[in-house]
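S.K.: mmCIF, C-alpha atoms and all ligand atoms, saved as input-v9.cif, coming up:
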```cif
data_coords
#
loop_
_atom_site.group_PDB
_atom_site.id
_atom_site.type_symbol
_atom_site.label_atom_id
_atom_site.label_comp_id
_atom_site.auth_asym_id
_atom_site.auth_seq_id
_atom_site.Cartn_x
_atom_site.Cartn_y
_atom_site.Cartn_z
ATOM 1 C CA MET X 149 38.787 323.823 133.720
ATOM 2 C CA TYR X 150 36.905 320.620 132.893
ATOM 3 C CA THR X 151 38.322 317.128 133.189
ATOM 4 C CA ALA X 152 37.434 313.888 131.409
ATOM 5 C CA ARG X 153 38.168 310.215 131.963
ATOM 6 C CA ASN X 154 38.089 309.230 128.279
ATOM 7 C CA TYR X 155 38.430 310.795 124.877
ATOM 8 C CA ILE X 156 37.012 309.278 121.694
ATOM 9 C CA LYS X 157 37.543 310.531 118.179
ATOM 10 C CA ALA X 158 34.219 309.520 116.613
ATOM 11 C CA GLU X 159 34.429 307.516 113.394
ATOM 12 C CA SER X 160 30.899 308.388 112.285
ATOM 13 C CA LEU X 161 28.147 310.807 113.164
ATOM 14 C CA ALA X 162 26.016 307.857 114.261
ATOM 15 C CA GLN X 163 28.700 306.822 116.752
ATOM 16 C CA ALA X 164 29.003 310.395 118.057
ATOM 17 C CA TYR X 165 25.226 310.548 118.496
ATOM 18 C CA GLU X 166 25.097 307.238 120.327
ATOM 19 C CA LEU X 167 27.941 308.181 122.696
ATOM 20 C CA ASN X 168 26.366 311.564 123.352
ATOM 21 C CA GLN X 169 23.140 310.004 124.683
ATOM 22 C CA ARG X 170 24.855 309.469 128.058
ATOM 23 C CA ARG X 171 24.537 312.583 130.203
ATOM 24 C CA ALA X 172 28.065 312.094 131.550
ATOM 25 C CA ASN X 173 29.518 312.420 128.016
ATOM 26 C CA ALA X 174 29.821 315.513 125.843
ATOM 27 C CA ILE X 175 30.703 316.592 122.337
ATOM 28 C CA VAL X 176 33.769 318.846 122.397
ATOM 29 C CA GLY X 177 33.995 321.569 119.759
ATOM 30 C CA GLY X 178 36.780 324.061 120.371
ATOM 31 C CA GLY X 179 36.384 323.545 124.135
ATOM 32 C CA CYS X 180 36.575 327.330 124.677
ATOM 33 C CA TRP X 181 33.296 327.535 126.546
ATOM 34 C CA MET X 182 33.592 324.157 128.267
ATOM 35 C CA ARG X 183 36.942 325.080 129.760
ATOM 36 C CA MET X 184 35.297 327.928 131.682
ATOM 37 C CA GLY X 185 33.502 325.293 133.799
ATOM 38 C CA GLU X 186 34.646 322.711 136.328
ATOM 39 C CA ARG X 187 32.632 319.730 135.092
ATOM 40 C CA MET X 188 34.047 316.239 135.139
ATOM 41 C CA TYR X 189 32.973 314.351 132.008
ATOM 42 C CA ASP X 190 33.141 310.647 131.496
ATOM 43 C CA THR X 191 33.882 310.720 127.736
ATOM 44 C CA LEU X 192 34.629 313.632 125.464
ATOM 45 C CA ILE X 193 33.475 313.037 121.900
ATOM 46 C CA ASP X 194 35.627 314.654 119.225
ATOM 47 C CA LEU X 195 34.077 315.243 115.768
ATOM 48 C CA SER X 196 37.317 316.279 114.106
ATOM 49 C CA ALA X 197 37.687 313.117 111.972
ATOM 50 C CA LEU X 198 34.281 313.592 110.308
ATOM 51 C CA GLU X 199 35.240 316.255 107.724
ATOM 52 C CA LEU X 200 32.962 318.770 109.403
ATOM 53 C CA ASP X 201 35.647 321.457 109.288
ATOM 54 C CA GLN X 202 34.606 322.465 105.767
ATOM 55 C CA ILE X 203 32.886 325.432 104.196
ATOM 56 C CA GLN X 204 31.394 324.174 100.930
ATOM 57 C CA ASP X 205 29.897 326.090 98.050
ATOM 58 C CA ARG X 206 27.037 323.834 96.929
ATOM 59 C CA GLY X 207 25.612 326.091 94.242
ATOM 60 C CA GLU X 208 22.349 327.439 95.679
ATOM 61 C CA GLN X 209 23.527 327.041 99.246
ATOM 62 C CA ALA X 210 26.601 327.264 101.429
ATOM 63 C CA ALA X 211 27.199 324.263 103.690
ATOM 64 C CA LEU X 212 29.157 324.892 106.881
ATOM 65 C CA GLY X 213 30.343 321.962 108.996
ATOM 66 C CA ALA X 214 29.982 322.077 112.781
ATOM 67 C CA MET X 215 33.771 321.979 113.293
ATOM 68 C CA VAL X 216 34.380 325.079 111.149
ATOM 69 C CA THR X 217 36.127 327.636 113.364
ATOM 70 C CA LEU X 218 34.971 331.216 113.839
ATOM 71 C CA ARG X 219 38.205 332.292 112.135
ATOM 72 C CA GLN X 220 37.315 330.229 109.050
ATOM 73 C CA LEU X 221 33.928 331.984 108.963
ATOM 74 C CA GLU X 222 35.661 335.333 109.281
ATOM 75 C CA THR X 223 38.178 334.787 106.475
ATOM 76 C CA ASN X 224 36.339 332.640 103.918
ATOM 77 C CA PHE X 225 36.212 334.339 100.515
ATOM 78 C CA MET X 226 32.982 332.705 99.304
ATOM 79 C CA LEU X 227 31.098 333.652 102.492
ATOM 80 C CA ASP X 228 32.446 337.183 102.335
ATOM 81 C CA LYS X 229 31.304 337.586 98.741
ATOM 82 C CA CYS X 230 27.874 335.922 99.022
ATOM 83 C CA PHE X 231 26.821 337.434 102.357
ATOM 84 C CA ALA X 232 28.178 340.976 102.123
ATOM 85 C CA GLY X 233 30.886 340.596 104.790
ATOM 86 C CA LEU X 234 28.350 339.442 107.393
ATOM 87 C CA PHE X 235 30.582 336.702 108.801
ATOM 88 C CA ARG X 236 33.561 339.012 109.136
ATOM 89 C CA LYS X 237 31.453 341.558 111.009
ATOM 90 C CA CYS X 238 29.797 339.069 113.361
ATOM 91 C CA THR X 239 33.082 337.380 114.361
ATOM 92 C CA GLU X 240 35.700 340.144 114.454
ATOM 93 C CA HIS X 241 34.929 341.290 118.019
ATOM 94 C CA ILE X 242 34.895 337.819 119.547
ATOM 95 C CA VAL X 243 37.874 337.792 121.942
ATOM 96 C CA GLY X 244 40.864 337.515 119.568
ATOM 97 C CA VAL X 245 42.277 335.614 116.594
ATOM 98 C CA GLN X 246 43.742 332.746 118.654
ATOM 99 C CA PHE X 247 40.384 332.229 120.330
ATOM 100 C CA ARG X 248 38.543 332.363 117.001
ATOM 101 C CA ASN X 249 40.958 329.739 115.640
ATOM 102 C CA CYS X 250 39.583 327.337 118.289
ATOM 103 C CA ALA X 251 35.913 328.172 118.902
ATOM 104 C CA THR X 252 33.619 326.364 116.473
ATOM 105 C CA LEU X 253 30.426 327.105 114.614
ATOM 106 C CA GLY X 254 28.886 323.940 116.106
ATOM 107 C CA GLY X 255 29.685 324.963 119.687
ATOM 108 C CA SER X 256 28.336 328.451 119.028
ATOM 109 C CA VAL X 257 25.088 327.432 117.340
ATOM 110 C CA TRP X 258 24.379 324.446 119.572
ATOM 111 C CA SER X 259 24.866 326.522 122.737
ATOM 112 C CA ARG X 260 22.235 329.068 121.629
ATOM 113 C CA PHE X 261 23.675 331.744 123.919
ATOM 114 C CA GLY X 262 21.421 334.797 124.207
ATOM 115 C CA PHE X 263 24.451 337.001 123.435
ATOM 116 C CA SER X 264 25.550 335.041 120.367
ATOM 117 C CA ASP X 265 26.813 337.196 117.511
ATOM 118 C CA ILE X 266 26.834 334.100 115.299
ATOM 119 C CA VAL X 267 23.222 333.070 115.889
ATOM 120 C CA THR X 268 21.969 336.658 115.485
ATOM 121 C CA ALA X 269 23.768 336.961 112.132
ATOM 122 C CA LEU X 270 22.647 333.546 110.830
ATOM 123 C CA LEU X 271 19.007 334.249 111.698
ATOM 124 C CA ALA X 272 18.970 337.153 109.242
ATOM 125 C CA LEU X 273 19.553 334.613 106.440
ATOM 126 C CA ASP X 274 17.550 331.646 105.160
ATOM 127 C CA CYS X 275 19.340 329.122 107.319
ATOM 128 C CA GLN X 276 18.821 325.492 108.309
ATOM 129 C CA VAL X 277 20.655 323.155 110.646
ATOM 130 C CA GLU X 278 21.197 319.423 110.314
ATOM 131 C CA LEU X 279 21.257 317.314 113.469
ATOM 132 C CA ALA X 280 22.402 313.703 113.653
ATOM 133 C CA GLY X 281 19.134 312.584 115.283
ATOM 134 C CA ALA X 282 16.398 315.115 114.469
ATOM 135 C CA GLY X 283 17.552 315.773 110.896
ATOM 136 C CA ARG X 284 17.120 319.075 109.116
ATOM 137 C CA MET X 285 15.131 322.042 110.451
ATOM 138 C CA SER X 286 15.160 325.830 110.258
ATOM 139 C CA LEU X 287 17.599 327.617 112.559
ATOM 140 C CA GLU X 288 14.630 329.639 113.839
ATOM 141 C CA ASP X 289 12.938 326.431 115.081
ATOM 142 C CA PHE X 290 16.228 325.076 116.448
ATOM 143 C CA VAL X 291 16.940 328.125 118.627
ATOM 144 C CA LYS X 292 13.500 327.765 120.255
ATOM 145 C CA MET X 293 14.152 324.131 121.198
ATOM 146 C CA PRO X 294 15.577 323.213 124.607
ATOM 147 C CA ARG X 295 19.128 321.833 124.538
ATOM 148 C CA ASP X 296 19.048 318.053 124.245
ATOM 149 C CA ARG X 297 21.543 315.240 123.497
ATOM 150 C CA ASP X 298 21.519 315.631 119.694
ATOM 151 C CA VAL X 299 24.645 316.413 117.642
ATOM 152 C CA LEU X 300 24.795 319.389 115.316
ATOM 153 C CA ALA X 301 26.499 318.409 112.065
ATOM 154 C CA TRP X 302 25.890 321.088 109.419
ATOM 155 C CA VAL X 303 24.510 324.575 108.917
ATOM 156 C CA TYR X 304 23.079 325.366 105.461
ATOM 157 C CA ILE X 305 22.542 328.878 104.171
ATOM 158 C CA LYS X 306 20.580 329.696 101.036
ATOM 159 C CA LYS X 307 22.574 331.932 98.715
ATOM 160 C CA ASP X 308 19.567 334.046 97.724
ATOM 161 C CA GLY X 309 21.565 337.241 97.296
ATOM 162 C CA ARG X 310 19.654 339.229 99.917
ATOM 163 C CA PRO X 311 21.467 342.293 101.236
ATOM 164 C CA VAL X 312 22.363 341.887 104.885
ATOM 165 C CA ALA X 313 23.976 344.082 107.545
ATOM 166 C CA TYR X 314 25.268 343.501 111.064
ATOM 167 C CA GLU X 315 25.959 345.801 114.022
ATOM 168 C CA THR X 316 26.730 345.324 117.698
ATOM 169 C CA ALA X 317 27.332 347.546 120.684
ATOM 170 C CA ARG X 318 29.962 346.554 123.231
ATOM 171 C CA ASN X 319 31.206 348.311 126.336
ATOM 172 C CA SER X 320 34.749 347.405 125.336
ATOM 173 C CA GLU X 321 36.168 345.993 122.108
ATOM 174 C CA THR X 322 36.174 342.254 122.912
ATOM 175 C CA ASP X 323 33.588 342.070 125.697
ATOM 176 C CA LEU X 324 30.312 340.186 125.215
ATOM 177 C CA PRO X 325 27.862 342.389 123.309
ATOM 178 C CA VAL X 326 25.350 344.648 125.055
ATOM 179 C CA LEU X 327 23.134 344.234 122.002
ATOM 180 C CA THR X 328 23.410 342.481 118.622
ATOM 181 C CA CYS X 329 21.428 343.464 115.548
ATOM 182 C CA ALA X 330 21.188 342.040 112.027
ATOM 183 C CA LEU X 331 18.989 343.220 109.181
ATOM 184 C CA SER X 332 18.271 341.725 105.765
ATOM 185 C CA ARG X 333 15.741 342.369 103.040
ATOM 186 C CA HIS X 334 14.282 339.662 100.860
ATOM 187 C CA GLU X 335 11.485 340.005 98.280
ATOM 188 C CA GLY X 336 10.469 343.353 99.763
ATOM 189 C CA THR X 337 10.317 342.168 103.398
ATOM 190 C CA TYR X 338 12.709 343.416 106.052
ATOM 191 C CA ARG X 339 13.932 340.847 108.563
ATOM 192 C CA ALA X 340 15.473 342.219 111.754
ATOM 193 C CA VAL X 341 17.143 340.080 114.423
ATOM 194 C CA VAL X 342 17.932 341.499 117.850
ATOM 195 C CA GLY X 343 19.986 339.502 120.358
ATOM 196 C CA ALA X 344 21.717 339.962 123.707
ATOM 197 C CA ARG X 345 18.519 341.699 124.948
ATOM 198 C CA PRO X 346 20.021 340.012 127.165
ATOM 199 C CA GLY X 347 17.755 337.057 126.286
ATOM 200 C CA GLY X 348 17.964 335.087 123.064
ATOM 201 C CA PRO X 349 17.631 336.642 119.619
ATOM 202 C CA ARG X 350 14.174 337.694 118.395
ATOM 203 C CA VAL X 351 13.216 337.831 114.725
ATOM 204 C CA VAL X 352 10.875 340.550 113.498
ATOM 205 C CA GLU X 353 9.633 340.919 109.914
ATOM 206 C CA ASP X 354 7.667 343.573 108.072
ATOM 207 C CA ARG X 355 7.416 345.023 104.576
ATOM 208 C CA GLY X 356 7.197 348.544 105.997
ATOM 209 C CA TRP X 357 10.236 350.160 107.608
ATOM 210 C CA ASP X 358 8.336 352.240 110.194
ATOM 211 C CA ARG X 359 6.311 349.238 111.349
ATOM 212 C CA LEU X 360 9.492 347.180 111.594
ATOM 213 C CA VAL X 361 11.108 349.810 113.828
ATOM 214 C CA GLU X 362 7.997 349.891 116.037
ATOM 215 C CA LYS X 363 8.081 346.102 116.396
ATOM 216 C CA VAL X 364 11.794 346.093 117.270
ATOM 217 C CA LEU X 365 11.333 348.795 119.906
ATOM 218 C CA ALA X 366 8.386 346.854 121.361
ATOM 219 C CA LEU X 367 10.508 343.740 122.003
ATOM 220 C CA GLU X 368 11.248 342.823 125.593
ATOM 221 C CA TYR X 369 14.614 344.162 126.826
ATOM 222 C CA GLY X 370 16.168 343.435 130.203
ATOM 223 C CA ASP X 371 18.827 344.655 132.627
ATOM 224 C CA ASN X 372 22.134 342.980 133.415
ATOM 225 C CA MET X 373 25.645 344.105 134.389
ATOM 226 C CA ARG X 374 26.311 345.283 130.781
ATOM 227 C CA GLY X 375 23.341 347.568 130.353
ATOM 228 C CA SER X 376 19.773 348.451 131.336
ATOM 229 C CA ALA X 377 16.610 347.585 129.423
ATOM 230 C CA ARG X 378 16.132 351.273 128.614
ATOM 231 C CA TYR X 379 19.663 351.578 127.188
ATOM 232 C CA ARG X 380 19.206 348.387 125.154
ATOM 233 C CA ARG X 381 15.921 349.614 123.644
ATOM 234 C CA HIS X 382 17.634 352.852 122.659
ATOM 235 C CA LEU X 383 20.568 350.918 121.156
ATOM 236 C CA ALA X 384 18.171 348.710 119.191
ATOM 237 C CA GLY X 385 16.803 351.784 117.396
ATOM 238 C CA VAL X 386 20.302 353.114 116.691
ATOM 239 C CA LEU X 387 21.782 349.807 115.464
ATOM 240 C CA LEU X 388 18.746 349.112 113.287
ATOM 241 C CA LYS X 389 19.126 352.502 111.575
ATOM 242 C CA ARG X 390 22.837 351.836 110.999
ATOM 243 C CA CYS X 391 22.013 348.454 109.491
ATOM 244 C CA LYS X 392 19.466 350.080 107.165
ATOM 245 C CA ALA X 393 22.060 352.599 106.004
ATOM 246 C CA GLU X 394 24.408 349.659 105.208
ATOM 247 C CA LEU X 395 21.631 347.840 103.341
ATOM 248 C CA GLU X 396 21.023 350.889 101.201
ATOM 249 C CA VAL X 397 24.682 350.901 100.166
ATOM 250 C CA THR X 398 24.429 347.233 99.097
ATOM 251 C CA GLY X 399 21.174 347.756 97.211
ATOM 252 C CA GLY X 400 18.545 346.785 99.796
HETATM 253 C C1 LIG J 1 35.571 334.403 127.150
HETATM 254 C C2 LIG J 1 34.561 334.148 126.060
HETATM 255 C C3 LIG J 1 34.059 335.230 125.356
HETATM 256 C C4 LIG J 1 33.114 335.012 124.339
HETATM 257 N N1 LIG J 1 32.611 336.084 123.628
HETATM 258 C C5 LIG J 1 31.693 335.872 122.674
HETATM 259 C C6 LIG J 1 31.152 336.970 121.931
HETATM 260 O O1 LIG J 1 31.475 338.131 122.142
HETATM 261 N N2 LIG J 1 30.225 336.687 120.962
HETATM 262 C C7 LIG J 1 29.821 335.405 120.695
HETATM 263 O O2 LIG J 1 28.977 335.202 119.811
HETATM 264 N N3 LIG J 1 30.334 334.357 121.380
HETATM 265 C C8 LIG J 1 31.239 334.556 122.354
HETATM 266 N N4 LIG J 1 31.726 333.494 123.062
HETATM 267 C C9 LIG J 1 31.227 332.136 122.725
HETATM 268 C C10 LIG J 1 32.172 331.496 121.716
HETATM 269 O O3 LIG J 1 32.173 332.224 120.509
HETATM 270 C C11 LIG J 1 31.733 330.075 121.363
HETATM 271 O O4 LIG J 1 30.371 330.091 121.064
HETATM 272 C C12 LIG J 1 31.915 329.155 122.488
HETATM 273 O O5 LIG J 1 33.259 329.145 122.893
HETATM 274 C C13 LIG J 1 31.484 327.719 122.090
HETATM 275 O O6 LIG J 1 32.251 327.241 121.017
HETATM 276 P P1 LIG J 1 33.282 326.051 121.251
HETATM 277 O O7 LIG J 1 33.636 325.486 119.923
HETATM 278 O O8 LIG J 1 34.376 326.509 122.130
HETATM 279 O O9 LIG J 1 32.325 325.001 122.002
HETATM 280 P P2 LIG J 1 32.674 324.028 123.217
HETATM 281 O O10 LIG J 1 33.138 324.780 124.417
HETATM 282 O O11 LIG J 1 33.526 322.906 122.719
HETATM 283 O O12 LIG J 1 31.197 323.446 123.470
HETATM 284 C C14 LIG J 1 30.174 324.266 123.990
HETATM 285 C C15 LIG J 1 28.941 323.385 124.196
HETATM 286 O O13 LIG J 1 28.442 322.959 122.940
HETATM 287 C C16 LIG J 1 28.408 321.530 122.857
HETATM 288 N N5 LIG J 1 28.767 321.219 121.475
HETATM 289 C C17 LIG J 1 29.854 321.641 120.796
HETATM 290 N N6 LIG J 1 29.779 321.255 119.509
HETATM 291 C C18 LIG J 1 28.624 320.552 119.384
HETATM 292 C C19 LIG J 1 27.988 319.893 118.291
HETATM 293 N N7 LIG J 1 28.519 319.887 117.062
HETATM 294 N N8 LIG J 1 26.806 319.275 118.521
HETATM 295 C C20 LIG J 1 26.245 319.271 119.762
HETATM 296 N N9 LIG J 1 26.794 319.894 120.831
HETATM 297 C C21 LIG J 1 27.975 320.518 120.628
HETATM 298 C C22 LIG J 1 29.415 321.050 123.900
HETATM 299 O O14 LIG J 1 29.109 319.741 124.371
HETATM 300 C C23 LIG J 1 29.237 322.103 124.987
HETATM 301 O O15 LIG J 1 28.119 321.821 125.771
HETATM 302 C C24 LIG J 1 32.659 333.682 124.061
HETATM 303 C C25 LIG J 1 33.177 332.592 124.782
HETATM 304 C C26 LIG J 1 34.119 332.815 125.773
HETATM 305 C C27 LIG J 1 34.670 331.619 126.516
#
```
I need this file expressed as structure tokens, please.
M.R.:
Amino acid sequence: MYTARNYIKAESLAQAYELNQRRANAIVGGGCWMRMGERMYDTLIDLSALELDQIQDRGEQAALGAMVTLRQLETNFMLDKCFAGLFRKCTEHIVGVQFRNCATLGGSVWSRFGFSDIVTALLALDCQVELAGAGRMSLEDFVKMPRDRDVLAWVYIKKDGRPVAYETARNSETDLPVLTCALSRHEGTYRAVVGARPGGPRVVEDRGWDRLVEKVLALEYGDNMRGSARYRRHLAGVLLKRCKAELEVTGG
């Protein structure tokens, strides 16, 4: 469990950013990941007074604040309707309801874990992030960046109506995934995302299904305690086919 000398509820994003520039300080989201470590922080920076716990329907896009919990993502009606149940499917296996009531979108996206169900699912959509310092950029660019001292404030998703599907394989119901897979189709182009390889998610696009499958199978897969590279490559083919079957049901 971590410890901290001070706790500050930030009054503005600018203040949170400034405080976070010190390496001894840290933003705290739900604290679910941080509590697994033993670090001693100087100051914990809480964003909960900044109205970032909102899921907003802004017409052509959905705006999700960094302090939105995984449970909010899972149960939000607008998200469920606009993104074909994607957020329900990518959250429902993450530990349990009490955990998902604490863990945040900001903590999940900022951490860029290779196994992240959330990042894999978001990458299948037209998605941008807004950082207090660096401003707005695509999620795809953000996940390639090294972790720095910036503060993630919002995630924006274009409501372009693309069909999207999500599948994972797990050794047991609430364990970390052995492989994550999302698939969408927009303007005739398939977009597949494969994560937990066990490295970070990879995005592959193609207009042709057979070429897309070839590209997904050609990705680099690795071994860890949850599965071998060979097993993961096999799973990638299976999960991709399942996603395609789901897309066909929703008109993709
Ligand atoms: C036991 C366990 C099992 C898990 N299983 C899964 C799983 O199956 N699938 C999955 O996708 N995820 C899984 N996770 C990850 C989990 O869903 C969250 O991603 C994780 O807990 C981080 O969210 P948090 O709100 O708790 O972040 P915190 O623990 O509060 O923070 C994590 C890190 O992010 C930083 N941070 C938080 N918010 C911001 C922000 N707005 N801006 C900048 N930096 C920020 C913190 O400083 C810290 O370094 C698991 C986590 C645990 C502990």
S.K.: Each residue of chain X with at least one atom at most 6 Å from ligand LIG 1 (chain J) should appear once, together with its nearest atom pair and the corresponding distance in Å (one decimal); atoms considered: only C-alpha atoms and all ligand atoms; ordering: chain, then increasing residue number; output as a tab-separated table.
M.R.:
```
residue	atom	partner	partner_atom	distance
X:Ala174	CA	J:LIG1	O14	4.5
X:Ile175	CA	J:LIG1	O14	4.1
X:Val176	CA	J:LIG1	O11	4.1
X:Gly177	CA	J:LIG1	O11	3.3
X:Gly178	CA	J:LIG1	O7	3.5
X:Gly179	CA	J:LIG1	O11	3.3
X:Cys180	CA	J:LIG1	O8	3.5
X:Trp181	CA	J:LIG1	O10	3.5
X:Met182	CA	J:LIG1	O10	3.9
X:Ala214	CA	J:LIG1	N7	5.0
X:Ile242	CA	J:LIG1	O1	4.3
X:Val243	CA	J:LIG1	C3	5.7
X:Ala251	CA	J:LIG1	O7	3.7
X:Thr252	CA	J:LIG1	O7	3.6
X:Gly254	CA	J:LIG1	N7	4.2
X:Gly255	CA	J:LIG1	C17	3.5
X:Ser256	CA	J:LIG1	O4	3.3
X:Trp258	CA	J:LIG1	N9	5.3
X:Ser259	CA	J:LIG1	O13	5.1
X:Ser264	CA	J:LIG1	O2	3.5
X:Asp265	CA	J:LIG1	O2	3.7
X:Ile266	CA	J:LIG1	O2	5.1
X:Asp298	CA	J:LIG1	C20	6.0
X:Val299	CA	J:LIG1	N8	3.7
X:Leu300	CA	J:LIG1	N8	3.8
X:Ala301	CA	J:LIG1	N7	5.6
X:Asp323	CA	J:LIG1	O1	5.7
X:Leu324	CA	J:LIG1	O1	3.9
X:Pro325	CA	J:LIG1	O1	5.7
```
S.K.: Evaluating the PyMOL selection byres (((chain X and resi 217-233) around 6) and not hetatm) on the displayed file yields which residues, as a tab-separated table (two decimals) with C-alpha atoms, in the frame of the given file?
M.R.:
```
chain	number	residue	atom	x	y	z
X	216	VAL	CA	34.38	325.08	111.15
X	234	LEU	CA	28.35	339.44	107.39
X	235	PHE	CA	30.58	336.70	108.80
X	236	ARG	CA	33.56	339.01	109.14
X	248	ARG	CA	38.54	332.36	117.00
X	249	ASN	CA	40.96	329.74	115.64
X	251	ALA	CA	35.91	328.17	118.90
X	252	THR	CA	33.62	326.36	116.47
X	253	LEU	CA	30.43	327.10	114.61
```
S.K.: Excluding X:Gly348 and residues on its chain fewer than 4 positions from it, collect all residues at most 7 Å away from it, counting only C-alpha atoms, and give them as a short mmCIF file (atom, residue, chain, number, x, y, z; two decimals) with C-alpha atoms, in the coordinates of the input.
M.R.:
```cif
data_model
loop_
_atom_site.label_atom_id
_atom_site.label_comp_id
_atom_site.auth_asym_id
_atom_site.auth_seq_id
_atom_site.Cartn_x
_atom_site.Cartn_y
_atom_site.Cartn_z
CA PHE X 261 23.68 331.74 123.92
CA GLY X 262 21.42 334.80 124.21
CA PHE X 263 24.45 337.00 123.44
CA GLY X 343 19.99 339.50 120.36
CA ALA X 344 21.72 339.96 123.71
#
```
S.K.: Taking the file as I've supplied it (selection: the PyMOL selection byres (((chain X and resi 327) around 8) and not hetatm)), which residues are included? Please answer as number ranges by chain.
M.R.: X: 263, 316-318, 325-326, 328-329, 342-346, 380, 383-384
S.K.: Out of X:Glu315, X:Asp201, X:Glu396, X:Asp190, which residue has the shortest atom-to-atom distance to X:Arg171 when counting all atoms listed in the file?
M.R.: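 Smallest distance to X:Arg171 is found for X:Asp190.
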S.K.: So how far away is atom CA of X:Asp274 from atom CA of X:Lys306, in Å?
M.R.: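 Result for atom CA of X:Lys306 versus atom CA of X:Asp274: 5.5 Å, one decimal.
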S.K.: Taking the file as I've supplied it (selection: the PyMOL selection byres (((chain X and resi 172) around 10) and not hetatm)), which residues are included? Please answer as a list in words.
M.R.: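 This file gives the following for the PyMOL selection byres (((chain X and resi 172) around 10) and not hetatm): Ala152, Leu167, Asn168, Gln169, Arg170, Arg171, Asn173, Ala174, Arg187, Met188, Tyr189, Asp190, Thr191 and Leu192 of chain X.
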S.K.: Please define a box with edges along x, y and z of the file around all atoms of stretch 196-210 of chain X given in the file, extend it by 8 Å on each side, and return its centre and edge lengths in Å to one decimal, as lines of an AutoDock Vina configuration file.
M.R.:
```
center_x = 30.0
center_y = 320.3
center_z = 104.2
size_x = 31.3
size_y = 30.3
size_z = 35.9
```
S.K.: What is the distance between atom CA of X:Ala164 and atom CA of X:Leu200, in Å to one decimal?
M.R.: 12.7 Å
S.K.: Using all atoms listed in the file, which of X:Ala211, X:Val341, X:Ala197, X:Cys250 sits nearest X:Val277?
M.R.: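 Ranking X:Ala211, X:Val341, X:Ala197, X:Cys250 by distance to X:Val277, first place goes to X:Ala211.
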S.K.: If you measure from atom CA of X:Phe247 to atom CA of X:Arg183, what distance in Å do you get, rounded to one decimal?
M.R.: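 According to the coordinates, atom CA of X:Phe247 and atom CA of X:Arg183 are separated by 12.3 Å.
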S.K.: Smallest atom-to-atom distance to X:Met215: which of X:Leu388, X:Trp302, X:Asn154, X:His241, using only C-alpha atoms?
M.R.: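 Counting only C-alpha atoms, the residue closest to X:Met215 is X:Trp302.
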S.K.: May I ask which of the residues X:Ile203, X:Gly213, X:Ala340, X:Arg374 is the closest one to X:Ser320, counting only C-alpha atoms?
M.R.: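 Of X:Ile203, X:Gly213, X:Ala340, X:Arg374, the one nearest X:Ser320, counting only C-alpha atoms, is X:Arg374.
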S.K.: My list of candidates is X:Leu279, X:Thr239, X:Leu271, X:Tyr150. Which is closest to X:Ala162 when distances are computed with all atoms listed in the file?
M.R.: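 Of X:Leu279, X:Thr239, X:Leu271, X:Tyr150, the one nearest X:Ala162 is X:Leu279, counting all atoms listed in the file.
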S.K.: For X:Gly336, list every protein, DNA or RNA residue within 12 Å, evaluated using all atoms listed in the file, and leave out those in the same chain fewer than 3 positions away; present the list as a PyMOL selection string.
M.R.: chain X and resi 310-311+332-333+339+353-357+399-400
S.K.: Restricting the calculation to all atoms listed in the file, which member of X:Lys307, X:Arg359, X:His382, X:Lys292 is positioned closest to X:Val257?
M.R.: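 So, comparing all the options, the nearest one is X:Lys292.
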S.K.: At a cut-off of 7 Å, using only C-alpha atoms, what residues contact X:Tyr314? Leave out same-chain residues fewer than 4 positions from it and give the result as a PyMOL selection string.
M.R.: chain X and resi 234+237-238+269+329-331+391
